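A.B. asks: First the structure, which I've put down as structure tokens, then a few questions once you've had a look.
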Amino acid sequence: MISVDTNNINVILATDCGSTTTKAILIEKIDGHYRQTFRGEAPTTVEEPAADVTMGVVNAVTEVGELANRRLIDDNGNIIRPATDGEGCDIYISTSSAGGGLQMMVAGVVREMTAASAKRAALGAGAIVMDVIASNDKRLPHEQIQRIRELRPDMILISGGTDGGTTTHVVKIAELVAPAKPQPRFGGEYRMPVIYAGNQDAAPLVERTFDDSIDLSVVPNLRPVLERENLGPARDRIHDLFLEHVMAHAPGYEKLMEWTDAPIMPTPGAVGNILQTIAEQQNINAVGVDIGGATTDVFSVFDKTFNRTVSANLGMSYSISNVCAEATMPTILQWVHLEMDERELRNRVKNKMIRPTTIPQTLEALIFEQAVAREALRLAYIQHKEFATTLQGVQQQRTVGDTFSQQTGGQTIVDNMALDLLVASGGVLSHAPRMQQTAAMLIDAFEPEGITTLAKDSIFMMPHLGVLAQVHKQAALEVFEKDCLIYLGTCVAPRGQGKPGKPCFQFSLEGDGINEQGNITVGDLRCIPFASGVRAKLRVEPARGFDMGAGPGTAVEREVKGGEVGVVLDGRGRPLQLPENREQCRKSIEQWVQALGLYPD
């Protein structure tokens with residue numbers, strides 16, 4: 001590993017080895033600031049016949065080099081370092097989700113408590129969680145053992161108990177895993193990695209439970225006391241084992257690990273890392289979403305607490321049928337202002353599953369696909385809110401009204417009123433023909449409240465910047481702000497509901513070249529064009545019964561920034577409820593489509 005001197009870094013090369021495509025970007029220091037200058041991509045080559053991930057990397061990097069007129073690969077097929085005037089780079093970094101990414105199984109004593117903490121640690125490290133084993137998960141011991149045998153994860157994380165507490169239950173969990181003799185995914189050349197992050201008093205007993213077929217790591221407890229989670233040590237160990245075991249045994253990764261100047265990170269872990277870095281740097285609450293063909297990842301940082309969820313059954317191609325089944329077709333069609341034949345749509349959905357790389361060829365197909373996306377995003381966000389909770393098992397302070405409904409923890413920490421930044425990525429959002437369409441999908445699915453900045457990742461650069469933040473934070477932050485994010489604008493939406501046509505809020509927007517004021521009634525949607533980079537003072541005075549974050553009827557003032565779409569004034573109320581009557585609903589959607597200029601006439 002090369003120790004990085006950030007003072008002498010002028011040219012940075014970064015790759016993300018995805019499951020189908022390897023994406024390379026070049027970042028250069030121009031006039032004292034870091035900018036992303038060129039990008040290239042090539043098919044990922046982890047599968048047969050190539051079975052060597054570095055071939056795809058070389059192809060993507062070669063394309064970047066040709067575009068930049070800079071030689072980056074030498075005659076032996078290695079990356080040239082350090083950079084000189086016409087060739088090479090100063091550092092090379094990479095992320096990866098090729099070969100199915102990082103797949104884990106987690107186990108804990110109580111499903112809602114220590115097992116949930118273990119799942120949070122695994123998801124935060126960038127893993128796909130294949131199953132959660134717990135003593136109260138309603139499966140018999142022999143069924144749990146059989147499940148562990150079948151899975152073939154990359155590693156297993158075991159947690160349970162608070163430090164100094166009883167050791168019996170967590171040892172029982174270890175005794176389920178040990179006789180199952182779990183086998184790692186990439187063959188039998190190495191021992192299955194198991195991380196123990198439970199009651200430290202039980203660690204010696206857990207060690208005695210496993211034989212030499214298991215590579216056991218003991219790290220500090222995930223829940224040392226009920227009131228506190230300590231996920232960092234387990235996440236760090238997961239990343240180390242990802243490199244030592246998963247990467248080292250995947251085709252060609254040993255060579256790639258020799259090339260990189262920082263540890264390779266799982267792609268979702270890197271995305272989470274840049275979102276956490278931005279939230280910390282700007283002292284904001286942020287939500288990011290990446291919607292793919294098979295899964296939808298949601299990342300959030302609220303009050304410095306990071307959470308990530310993977311909705312493995314919600315996607316836009318391989319999983320599109322699941323979205324239609326879970327949301328139901330009538331609910332999806334609520335977002336469509338044209339008359340469509342439901343039977344034809346079901347055929348369209350099946351075709352999308354068979355040919356996942358196709359894109360909509362007609363306006364009608366685009367409108368339908370974006371309606372499906374709204375529901376996929378909405379459902380994924382609901383799942384995220386259910387997972388991103390305060391710690392279960394901890395008694396919350398009660399008010400008189402809670403006397404009969406006291407729950408022991410578990411309230412969601414996701415608060416749309418406190419959300420400052422909402423970032424979109426993934427094909428259906430990033431490649432929407434109009435920026436207004438991306439903004440509309442975000443607003444309709446996530447229902448931001450108060451004043452929220454909307455943005456999208458321009459070329460899915462967040463993984464590259466997440467791993468760069470580990471090496472050179474300044475460069476990562478500069479590129480994130482200037483080149484990665486395309487600011488769509490600001491959404492203004494009070495919490496509360498009222499009768500259509502009644503007052504919702506008054507607003508005034510004053511700044512450089514802009515001076516707008518007016519009234520928004522319940523059910524209205526309005527867009528004020530407001531150029532990127534321009535800032536203005538926004539004042540919003542909600543009507544009685546509506547709240548902009550300072551209390552019902554209380555005015556708020558905020559400096560807001562412009563974007564490609566502008567300021568969206570949303571008087572539709574929160575939670576957002578569409579008219580039940582189909583004809584009324586269609587008319588409302590048609591008005592909103594026209595208000596935002598979503599589709600050409």
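Just remember, in the structure tokens the first chain shown is A, the second B, etc., residues are 1-based per chain, and ligands are 1-based in the order shown.
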Excluding Glu386 of chain A and its own-chain neighbours fewer than 4 positions away, which residues fall within 9 Å of it when counting only C-alpha atoms? Please give them as a PyMOL selection string.

C.D. replies: chain A and resi 381-382+410-412

A.B. asks: For Ile128 of chain A, find every residue with an atom within 7 Å (counting only C-alpha atoms), except residues of its own chain fewer than 3 positions away, and show them as a ChimeraX atom specification.

C.D. replies: /A:102-104,123

A.B. asks: Atoms to include: C-alpha atoms. Write the selected residues as an mmCIF file, in the first residue's frame.

C.D. replies:
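Saved result, part.cif, follows:
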data_model
loop_
_atom_site.group_PDB
_atom_site.id
_atom_site.type_symbol
_atom_site.label_atom_id
_atom_site.label_comp_id
_atom_site.auth_asym_id
_atom_site.auth_seq_id
_atom_site.Cartn_x
_atom_site.Cartn_y
_atom_site.Cartn_z
ATOM 1 C CA LEU A 102 -20.469 -8.682 -0.728
ATOM 2 C CA GLN A 103 -23.036 -11.217 0.512
ATOM 3 C CA MET A 104 -23.469 -11.832 4.237
ATOM 4 C CA LEU A 123 -25.661 -3.063 5.385
#

A.B. asks: When DSSP works through the backbone of this structure, what residues of segment 281-417 of chain A end up as strand (DSSP E), shown as a PyMOL selection string?

C.D. replies: chain A and resi 286-291+296-302+305-311

A.B. asks: Using only C-alpha atoms, please write the residues we just selected to a file, as an mmCIF file, in the first residue's frame.

C.D. replies:
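So the final result, stored in again.cif, reads:
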data_model
loop_
_atom_site.group_PDB
_atom_site.id
_atom_site.type_symbol
_atom_site.label_atom_id
_atom_site.label_comp_id
_atom_site.auth_asym_id
_atom_site.auth_seq_id
_atom_site.Cartn_x
_atom_site.Cartn_y
_atom_site.Cartn_z
ATOM 1 C CA ALA A 286 -29.325 13.757 3.738
ATOM 2 C CA VAL A 287 -31.028 10.893 1.902
ATOM 3 C CA GLY A 288 -29.591 9.211 -1.191
ATOM 4 C CA VAL A 289 -31.241 6.605 -3.394
ATOM 5 C CA ASP A 290 -29.821 4.321 -6.069
ATOM 6 C CA ILE A 291 -32.522 2.521 -8.057
ATOM 7 C CA THR A 296 -33.119 -0.166 -4.715
ATOM 8 C CA ASP A 297 -30.607 1.089 -2.141
ATOM 9 C CA VAL A 298 -31.637 3.897 0.215
ATOM 10 C CA PHE A 299 -28.988 5.690 2.311
ATOM 11 C CA SER A 300 -29.742 8.234 5.030
ATOM 12 C CA VAL A 301 -27.901 10.383 7.544
ATOM 13 C CA PHE A 302 -30.117 11.922 10.255
ATOM 14 C CA THR A 305 -26.644 8.465 12.329
ATOM 15 C CA PHE A 306 -26.089 6.551 9.086
ATOM 16 C CA ASN A 307 -28.446 3.854 7.800
ATOM 17 C CA ARG A 308 -28.640 1.907 4.567
ATOM 18 C CA THR A 309 -31.283 -0.518 3.327
ATOM 19 C CA VAL A 310 -31.381 -2.750 0.262
ATOM 20 C CA SER A 311 -34.821 -3.481 -1.157
#

A.B. asks: Quick one: everything within 7 Å of Val57 of chain A, counting only C-alpha atoms, minus sequence neighbours fewer than 4 positions away in the same chain. Send it as a list of chain:residue names.

C.D. replies: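 In the requested form, the answer reads A:Thr22, A:Val53, A:Val61.
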
A.B. asks: Just N, CA and C atoms for this one: save the residues we selected as a tab-separated table (two decimals), in the first residue's frame.

C.D. replies:
chain	number	residue	atom	x	y	z
A	22	THR	N	-17.77	-1.64	-15.95
A	22	THR	CA	-16.69	-1.02	-15.18
A	22	THR	C	-16.57	0.42	-15.63
A	53	VAL	N	-10.97	-9.56	-13.69
A	53	VAL	CA	-11.58	-8.24	-13.58
A	53	VAL	C	-10.69	-7.12	-14.13
A	61	VAL	N	-10.05	2.18	-18.54
A	61	VAL	CA	-8.99	3.17	-18.32
A	61	VAL	C	-8.37	3.60	-19.65

A.B. asks: For segment 53-87 of chain A versus segment 259-278 of chain A, which residues have an atom no more than 10 Å away, and what is each residue's nearest atom pair and distance in Å rounded to one decimal, using only C-alpha atoms, chain-then-number order, as a tab-separated table?

C.D. replies:
residue	atom	partner	partner_atom	distance
A:Thr54	CA	A:Trp259	CA	9.7
A:Asn78	CA	A:Trp259	CA	7.8
A:Ile79	CA	A:Trp259	CA	7.2
A:Ile80	CA	A:Trp259	CA	9.8
A:Arg81	CA	A:Trp259	CA	9.9

A.B. asks: Give me, as a tab-separated table (two decimals) with N, CA and C atoms, in the first residue's frame, all polymer residues having an atom no more than 8 Å from segment 522-539 of chain A, counting only C-alpha atoms and skipping those fewer than 5 positions away in the same chain.

C.D. replies:
chain	number	residue	atom	x	y	z
A	487	TYR	N	-27.64	20.05	-9.39
A	487	TYR	CA	-28.71	20.54	-8.53
A	487	TYR	C	-29.98	20.74	-9.36
A	489	GLY	N	-32.89	21.76	-7.83
A	489	GLY	CA	-33.56	22.93	-7.26
A	489	GLY	C	-34.03	22.66	-5.86
A	497	GLN	N	-52.93	18.87	5.74
A	497	GLN	CA	-53.87	18.65	4.63
A	497	GLN	C	-55.05	19.61	4.76
A	498	GLY	N	-55.66	19.90	3.62
A	498	GLY	CA	-56.82	20.80	3.62
A	498	GLY	C	-57.71	20.52	2.43
A	499	LYS	N	-58.75	21.33	2.28
A	499	LYS	CA	-59.68	21.14	1.17
A	499	LYS	C	-59.12	21.80	-0.08
A	500	PRO	N	-59.21	21.13	-1.24
A	500	PRO	CA	-58.70	21.71	-2.49
A	500	PRO	C	-59.26	23.10	-2.73
A	501	GLY	N	-58.38	24.02	-3.12
A	501	GLY	CA	-58.80	25.39	-3.41
A	501	GLY	C	-58.67	26.34	-2.23
A	502	LYS	N	-58.54	25.81	-1.01
A	502	LYS	CA	-58.37	26.66	0.18
A	502	LYS	C	-56.89	27.10	0.28
A	503	PRO	N	-56.58	28.19	1.01
A	503	PRO	CA	-55.18	28.65	1.10
A	503	PRO	C	-54.28	27.60	1.74
A	504	CYS	N	-53.06	27.46	1.18
A	504	CYS	CA	-52.06	26.54	1.73
A	504	CYS	C	-50.88	27.33	2.29
A	507	PHE	N	-45.84	32.92	-0.30
A	507	PHE	CA	-44.38	32.85	-0.43
A	507	PHE	C	-43.85	34.14	-1.05
A	508	SER	N	-42.57	34.41	-0.76
A	508	SER	CA	-41.84	35.45	-1.50
A	508	SER	C	-40.42	34.95	-1.72
A	509	LEU	N	-39.89	35.21	-2.93
A	509	LEU	CA	-38.55	34.75	-3.32
A	509	LEU	C	-37.81	35.94	-3.89
A	510	GLU	N	-36.78	36.40	-3.17
A	510	GLU	CA	-36.06	37.60	-3.59
A	510	GLU	C	-34.57	37.33	-3.63
A	511	GLY	N	-33.95	37.68	-4.75
A	511	GLY	CA	-32.51	37.47	-4.87
A	511	GLY	C	-31.99	38.04	-6.16
A	512	ASP	N	-30.84	37.55	-6.59
A	512	ASP	CA	-30.15	38.04	-7.77
A	512	ASP	C	-31.00	37.78	-9.02
A	514	ILE	N	-34.21	37.81	-9.32
A	514	ILE	CA	-35.50	37.14	-9.13
A	514	ILE	C	-36.29	37.85	-8.03
A	555	ALA	N	-44.36	31.35	10.04
A	555	ALA	CA	-43.55	31.61	8.85
A	555	ALA	C	-42.11	31.15	9.05
A	556	VAL	N	-41.46	30.75	7.94
A	556	VAL	CA	-40.03	30.41	7.98
A	556	VAL	C	-39.32	31.18	6.86
A	557	GLU	N	-38.04	31.49	7.10
A	557	GLU	CA	-37.19	32.13	6.09
A	557	GLU	C	-35.94	31.30	5.91
A	558	ARG	N	-35.50	31.16	4.67
A	558	ARG	CA	-34.32	30.35	4.40
A	558	ARG	C	-33.65	30.83	3.13
A	559	GLU	N	-32.33	30.75	3.09
A	559	GLU	CA	-31.64	30.99	1.83
A	559	GLU	C	-31.70	29.70	1.02
A	560	VAL	N	-32.10	29.79	-0.25
A	560	VAL	CA	-32.20	28.60	-1.11
A	560	VAL	C	-31.36	28.81	-2.36
A	561	LYS	N	-30.96	27.68	-2.96
A	561	LYS	CA	-30.16	27.78	-4.19
A	561	LYS	C	-30.97	27.27	-5.38
A	562	GLY	N	-30.65	27.82	-6.55
A	562	GLY	CA	-31.36	27.44	-7.77
A	562	GLY	C	-30.90	26.09	-8.30
A	563	GLY	N	-31.46	25.71	-9.43
A	563	GLY	CA	-31.09	24.44	-10.05
A	563	GLY	C	-31.67	24.34	-11.44
A	564	GLU	N	-31.49	23.20	-12.06
A	564	GLU	CA	-31.94	23.00	-13.44
A	564	GLU	C	-33.46	23.09	-13.57
A	565	VAL	N	-34.18	22.79	-12.50
A	565	VAL	CA	-35.65	22.84	-12.51
A	565	VAL	C	-36.15	24.14	-11.90
A	566	GLY	N	-35.55	24.53	-10.76
A	566	GLY	CA	-35.97	25.76	-10.07
A	566	GLY	C	-36.58	25.45	-8.72
A	567	VAL	N	-37.48	26.32	-8.27
A	567	VAL	CA	-38.16	26.13	-6.98
A	567	VAL	C	-39.54	25.53	-7.25
A	568	VAL	N	-39.79	24.36	-6.67
A	568	VAL	CA	-41.09	23.71	-6.82
A	568	VAL	C	-41.92	24.00	-5.58
A	569	LEU	N	-43.04	24.69	-5.77
A	569	LEU	CA	-43.94	25.04	-4.66
A	569	LEU	C	-45.08	24.02	-4.65
A	570	ASP	N	-45.09	23.18	-3.62
A	570	ASP	CA	-45.99	22.02	-3.59
A	570	ASP	C	-47.07	22.22	-2.52
A	571	GLY	N	-48.29	22.50	-2.97
A	571	GLY	CA	-49.40	22.71	-2.03
A	571	GLY	C	-50.32	21.50	-1.92
A	572	ARG	N	-49.81	20.32	-2.30
A	572	ARG	CA	-50.67	19.13	-2.34
A	572	ARG	C	-50.87	18.49	-0.97
A	573	GLY	N	-50.14	19.00	0.05
A	573	GLY	CA	-50.30	18.48	1.40
A	573	GLY	C	-49.45	17.25	1.66
A	592	TRP	N	-50.68	18.68	-12.72
A	592	TRP	CA	-49.33	18.68	-12.16
A	592	TRP	C	-48.28	18.47	-13.26
A	595	ALA	N	-47.95	21.77	-14.90
A	595	ALA	CA	-47.33	22.76	-14.02
A	595	ALA	C	-45.81	22.63	-14.01
A	596	LEU	N	-45.33	21.38	-14.08
A	596	LEU	CA	-43.87	21.15	-14.03
A	596	LEU	C	-43.27	20.99	-15.43

A.B. asks: If you count only C-alpha atoms, which residues fall within 12 Å of Ile148 of chain A, apart from same-chain ones fewer than 4 positions away, as a PDB file with N, CA and C atoms, in the first residue's frame?

C.D. replies:
ATOM      1  N   MET A 104     -23.671 -11.427   2.848  1.00  0.00           N
ATOM      2  CA  MET A 104     -23.469 -11.832   4.237  1.00  0.00           C
ATOM      3  C   MET A 104     -24.722 -12.432   4.854  1.00  0.00           C
ATOM      4  N   MET A 105     -24.486 -13.222   5.890  1.00  0.00           N
ATOM      5  CA  MET A 105     -25.572 -13.680   6.755  1.00  0.00           C
ATOM      6  C   MET A 105     -25.283 -13.112   8.138  1.00  0.00           C
ATOM      7  N   VAL A 106     -26.312 -12.648   8.848  1.00  0.00           N
ATOM      8  CA  VAL A 106     -26.103 -12.140  10.200  1.00  0.00           C
ATOM      9  C   VAL A 106     -26.955 -12.932  11.179  1.00  0.00           C
ATOM     10  N   ALA A 107     -26.468 -13.012  12.430  1.00  0.00           N
ATOM     11  CA  ALA A 107     -27.193 -13.753  13.460  1.00  0.00           C
ATOM     12  C   ALA A 107     -27.129 -12.979  14.766  1.00  0.00           C
ATOM     13  N   MET A 130     -28.268 -11.740   3.248  1.00  0.00           N
ATOM     14  CA  MET A 130     -29.024 -12.860   2.671  1.00  0.00           C
ATOM     15  C   MET A 130     -30.086 -13.391   3.627  1.00  0.00           C
ATOM     16  N   ASP A 131     -29.784 -13.370   4.924  1.00  0.00           N
ATOM     17  CA  ASP A 131     -30.770 -13.842   5.912  1.00  0.00           C
ATOM     18  C   ASP A 131     -30.342 -13.359   7.289  1.00  0.00           C
ATOM     19  N   VAL A 132     -31.319 -13.280   8.190  1.00  0.00           N
ATOM     20  CA  VAL A 132     -31.064 -12.918   9.591  1.00  0.00           C
ATOM     21  C   VAL A 132     -31.537 -14.090  10.448  1.00  0.00           C
ATOM     22  N   ILE A 133     -30.599 -14.713  11.157  1.00  0.00           N
ATOM     23  CA  ILE A 133     -30.927 -15.820  12.052  1.00  0.00           C
ATOM     24  C   ILE A 133     -31.037 -15.265  13.466  1.00  0.00           C
ATOM     25  N   ALA A 134     -32.123 -15.587  14.171  1.00  0.00           N
ATOM     26  CA  ALA A 134     -32.281 -15.140  15.556  1.00  0.00           C
ATOM     27  C   ALA A 134     -33.013 -16.217  16.344  1.00  0.00           C
ATOM     28  N   PRO A 141     -34.569 -25.091  15.381  1.00  0.00           N
ATOM     29  CA  PRO A 141     -33.104 -25.136  15.229  1.00  0.00           C
ATOM     30  C   PRO A 141     -32.628 -25.890  13.985  1.00  0.00           C
ATOM     31  N   HIS A 142     -33.269 -27.043  13.683  1.00  0.00           N
ATOM     32  CA  HIS A 142     -32.800 -27.805  12.517  1.00  0.00           C
ATOM     33  C   HIS A 142     -33.076 -27.042  11.211  1.00  0.00           C
ATOM     34  N   GLU A 143     -34.168 -26.233  11.198  1.00  0.00           N
ATOM     35  CA  GLU A 143     -34.459 -25.414  10.004  1.00  0.00           C
ATOM     36  C   GLU A 143     -33.418 -24.308   9.850  1.00  0.00           C
ATOM     37  N   GLN A 144     -33.009 -23.714  10.983  1.00  0.00           N
ATOM     38  CA  GLN A 144     -31.988 -22.662  10.933  1.00  0.00           C
ATOM     39  C   GLN A 144     -30.656 -23.228  10.448  1.00  0.00           C
ATOM     40  N   ARG A 152     -24.289 -20.288   1.597  1.00  0.00           N
ATOM     41  CA  ARG A 152     -22.961 -19.979   1.046  1.00  0.00           C
ATOM     42  C   ARG A 152     -22.702 -18.462   0.985  1.00  0.00           C
ATOM     43  N   PRO A 153     -22.736 -17.789   2.128  1.00  0.00           N
ATOM     44  CA  PRO A 153     -22.417 -16.353   2.134  1.00  0.00           C
ATOM     45  C   PRO A 153     -20.912 -16.140   2.061  1.00  0.00           C
ATOM     46  N   ASP A 154     -20.489 -14.888   1.910  1.00  0.00           N
ATOM     47  CA  ASP A 154     -19.056 -14.578   1.930  1.00  0.00           C
ATOM     48  C   ASP A 154     -18.529 -14.566   3.359  1.00  0.00           C
ATOM     49  N   MET A 155     -19.377 -14.151   4.297  1.00  0.00           N
ATOM     50  CA  MET A 155     -18.980 -14.157   5.717  1.00  0.00           C
ATOM     51  C   MET A 155     -20.233 -14.092   6.585  1.00  0.00           C
ATOM     52  N   ILE A 156     -20.047 -14.378   7.875  1.00  0.00           N
ATOM     53  CA  ILE A 156     -21.155 -14.391   8.833  1.00  0.00           C
ATOM     54  C   ILE A 156     -20.802 -13.454   9.988  1.00  0.00           C
ATOM     55  N   ILE A 173     -26.494 -19.344  19.767  1.00  0.00           N
ATOM     56  CA  ILE A 173     -26.460 -18.907  18.362  1.00  0.00           C
ATOM     57  C   ILE A 173     -25.214 -19.462  17.680  1.00  0.00           C
ATOM     58  N   ALA A 174     -24.060 -19.381  18.360  1.00  0.00           N
ATOM     59  CA  ALA A 174     -22.809 -19.926  17.805  1.00  0.00           C
ATOM     60  C   ALA A 174     -22.937 -21.434  17.592  1.00  0.00           C
ATOM     61  N   GLU A 175     -23.678 -22.097  18.497  1.00  0.00           N
ATOM     62  CA  GLU A 175     -23.855 -23.552  18.387  1.00  0.00           C
ATOM     63  C   GLU A 175     -24.789 -23.945  17.246  1.00  0.00           C
ATOM     64  N   LEU A 176     -25.537 -22.992  16.721  1.00  0.00           N
ATOM     65  CA  LEU A 176     -26.322 -23.239  15.496  1.00  0.00           C
ATOM     66  C   LEU A 176     -25.424 -23.160  14.267  1.00  0.00           C
ATOM     67  N   VAL A 177     -24.512 -22.177  14.280  1.00  0.00           N
ATOM     68  CA  VAL A 177     -23.653 -21.939  13.109  1.00  0.00           C
ATOM     69  C   VAL A 177     -22.584 -23.030  12.986  1.00  0.00           C
ATOM     70  N   ALA A 178     -21.983 -23.424  14.098  1.00  0.00           N
ATOM     71  CA  ALA A 178     -20.862 -24.376  14.067  1.00  0.00           C
ATOM     72  C   ALA A 178     -21.207 -25.718  13.409  1.00  0.00           C
ATOM     73  N   PRO A 179     -22.293 -26.406  13.824  1.00  0.00           N
ATOM     74  CA  PRO A 179     -22.577 -27.716  13.195  1.00  0.00           C
ATOM     75  C   PRO A 179     -23.046 -27.608  11.745  1.00  0.00           C
ATOM     76  N   ALA A 180     -23.491 -26.407  11.327  1.00  0.00           N
ATOM     77  CA  ALA A 180     -23.944 -26.250   9.929  1.00  0.00           C
ATOM     78  C   ALA A 180     -22.770 -26.301   8.957  1.00  0.00           C
ATOM     79  N   LYS A 181     -21.538 -26.111   9.465  1.00  0.00           N
ATOM     80  CA  LYS A 181     -20.327 -26.118   8.619  1.00  0.00           C
ATOM     81  C   LYS A 181     -20.522 -25.263   7.361  1.00  0.00           C
ATOM     82  N   PRO A 182     -20.812 -23.963   7.529  1.00  0.00           N
ATOM     83  CA  PRO A 182     -21.100 -23.127   6.355  1.00  0.00           C
ATOM     84  C   PRO A 182     -19.919 -23.069   5.390  1.00  0.00           C
ATOM     85  N   GLN A 183     -20.245 -23.102   4.098  1.00  0.00           N
ATOM     86  CA  GLN A 183     -19.215 -23.076   3.051  1.00  0.00           C
ATOM     87  C   GLN A 183     -19.185 -21.704   2.386  1.00  0.00           C
ATOM     88  N   PRO A 184     -17.990 -21.125   2.154  1.00  0.00           N
ATOM     89  CA  PRO A 184     -17.923 -19.819   1.490  1.00  0.00           C
ATOM     90  C   PRO A 184     -18.306 -19.911   0.020  1.00  0.00           C
TER      91      PRO A 184
END

A.B. asks: Just want the 7 Å neighbourhood of segment 3-16 of chain A, counted on only C-alpha atoms, with same-chain residues fewer than 3 positions away dropped. Output as a list of chain:residue names.

C.D. replies: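 The residues that qualify are A:Thr22, A:Lys23, A:Ala24, A:Ile25, A:Leu26, A:Ile27, A:Glu28, A:Lys29, A:Ala83, A:Cys89, A:Asp90, A:Ile91, A:Tyr92, A:Ile93, A:Ser94, A:Thr95, A:Ser96, A:Pro463, A:His464, A:His472.
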
A.B. asks: Can I get the selected residues back with N, CA and C atoms, as a compact mmCIF listing (two decimals), in the first residue's frame?

C.D. replies:
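Written output follows (again.txt):
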# COMPACT_ATOMS: atom_id res chain seq x y z
N THR A 22 -17.77 -1.64 -15.95
CA THR A 22 -16.69 -1.02 -15.18
C THR A 22 -16.57 0.42 -15.63
N LYS A 23 -16.71 1.36 -14.67
CA LYS A 23 -16.70 2.79 -15.00
C LYS A 23 -15.43 3.42 -14.46
N ALA A 24 -14.72 4.16 -15.31
CA ALA A 24 -13.48 4.83 -14.90
C ALA A 24 -13.64 6.34 -15.03
N ILE A 25 -13.10 7.08 -14.07
CA ILE A 25 -13.11 8.56 -14.17
C ILE A 25 -11.71 9.10 -13.89
N LEU A 26 -11.42 10.24 -14.50
CA LEU A 26 -10.15 10.94 -14.27
C LEU A 26 -10.46 12.25 -13.54
N ILE A 27 -9.73 12.51 -12.46
CA ILE A 27 -9.88 13.76 -11.71
C ILE A 27 -8.54 14.49 -11.77
N GLU A 28 -8.56 15.75 -12.17
CA GLU A 28 -7.31 16.50 -12.31
C GLU A 28 -7.38 17.81 -11.52
N LYS A 29 -6.21 18.25 -11.07
CA LYS A 29 -6.12 19.53 -10.35
C LYS A 29 -5.95 20.63 -11.38
N ALA A 83 2.29 10.49 -12.04
CA ALA A 83 1.94 11.25 -13.23
C ALA A 83 3.10 12.15 -13.66
N CYS A 89 -0.92 8.57 -13.62
CA CYS A 89 -1.72 9.21 -12.57
C CYS A 89 -0.93 9.16 -11.27
N ASP A 90 -1.33 9.97 -10.30
CA ASP A 90 -0.63 9.97 -9.00
C ASP A 90 -1.18 8.91 -8.07
N ILE A 91 -2.50 8.71 -8.08
CA ILE A 91 -3.07 7.60 -7.30
C ILE A 91 -4.17 6.93 -8.11
N TYR A 92 -4.34 5.63 -7.83
CA TYR A 92 -5.41 4.86 -8.46
C TYR A 92 -6.20 4.16 -7.35
N ILE A 93 -7.54 4.30 -7.39
CA ILE A 93 -8.42 3.72 -6.38
C ILE A 93 -9.59 3.02 -7.07
N SER A 94 -10.24 2.10 -6.34
CA SER A 94 -11.35 1.38 -6.98
C SER A 94 -12.39 0.90 -5.96
N THR A 95 -13.61 0.75 -6.44
CA THR A 95 -14.68 0.08 -5.68
C THR A 95 -15.16 -1.10 -6.52
N SER A 96 -15.94 -1.98 -5.90
CA SER A 96 -16.42 -3.14 -6.66
C SER A 96 -17.72 -3.70 -6.13
N PRO A 463 -19.70 6.33 -5.94
CA PRO A 463 -18.80 5.28 -5.44
C PRO A 463 -17.32 5.69 -5.51
N HIS A 464 -16.93 6.27 -6.66
CA HIS A 464 -15.53 6.69 -6.83
C HIS A 464 -15.14 7.69 -5.75
N HIS A 472 -8.25 11.24 0.14
CA HIS A 472 -8.06 12.68 -0.09
C HIS A 472 -9.43 13.35 0.00

A.B. asks: Find the residue from A:Arg191, A:Ala98, A:Asn69, A:Asp303 that sits nearest to Asp420 of chain A; use only C-alpha atoms when measuring.

C.D. replies: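 Checking each candidate against Asp420 of chain A, we get A:Asp303 as the closest.
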
A.B. asks: Which is closer to Cys17 of chain A than all the others in A:Ala125, A:Leu241, A:Ala60, A:Ala493, using only C-alpha atoms?

C.D. replies: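 Under the stated criterion, the closest residue is A:Ala60.
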
A.B. asks: Can you list every residue in segment 438-573 of chain A that DSSP puts in helix (DSSP H, G or I), as a PyMOL selection string?

C.D. replies: chain A and resi 438-446+462-471+473-484

A.B. asks: In Å, how far is it from atom CA of Glu244 of chain A to atom CA of Ala122 of chain A?

C.D. replies: 16.6 Å

A.B. asks: Quote the spacing between atom CA of Asp341 of chain A and atom CA of Asn313 of chain A in Å to one decimal place.

C.D. replies: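 Separation of atom CA of Asp341 of chain A and atom CA of Asn313 of chain A: 25.1 Å.
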
A.B. asks: Which residue out of A:Pro494, A:Phe446, A:Asn515, A:Arg208 has the minimum interatomic distance to Asp547 of chain A when only C-alpha atoms are used?

C.D. replies: A:Pro494
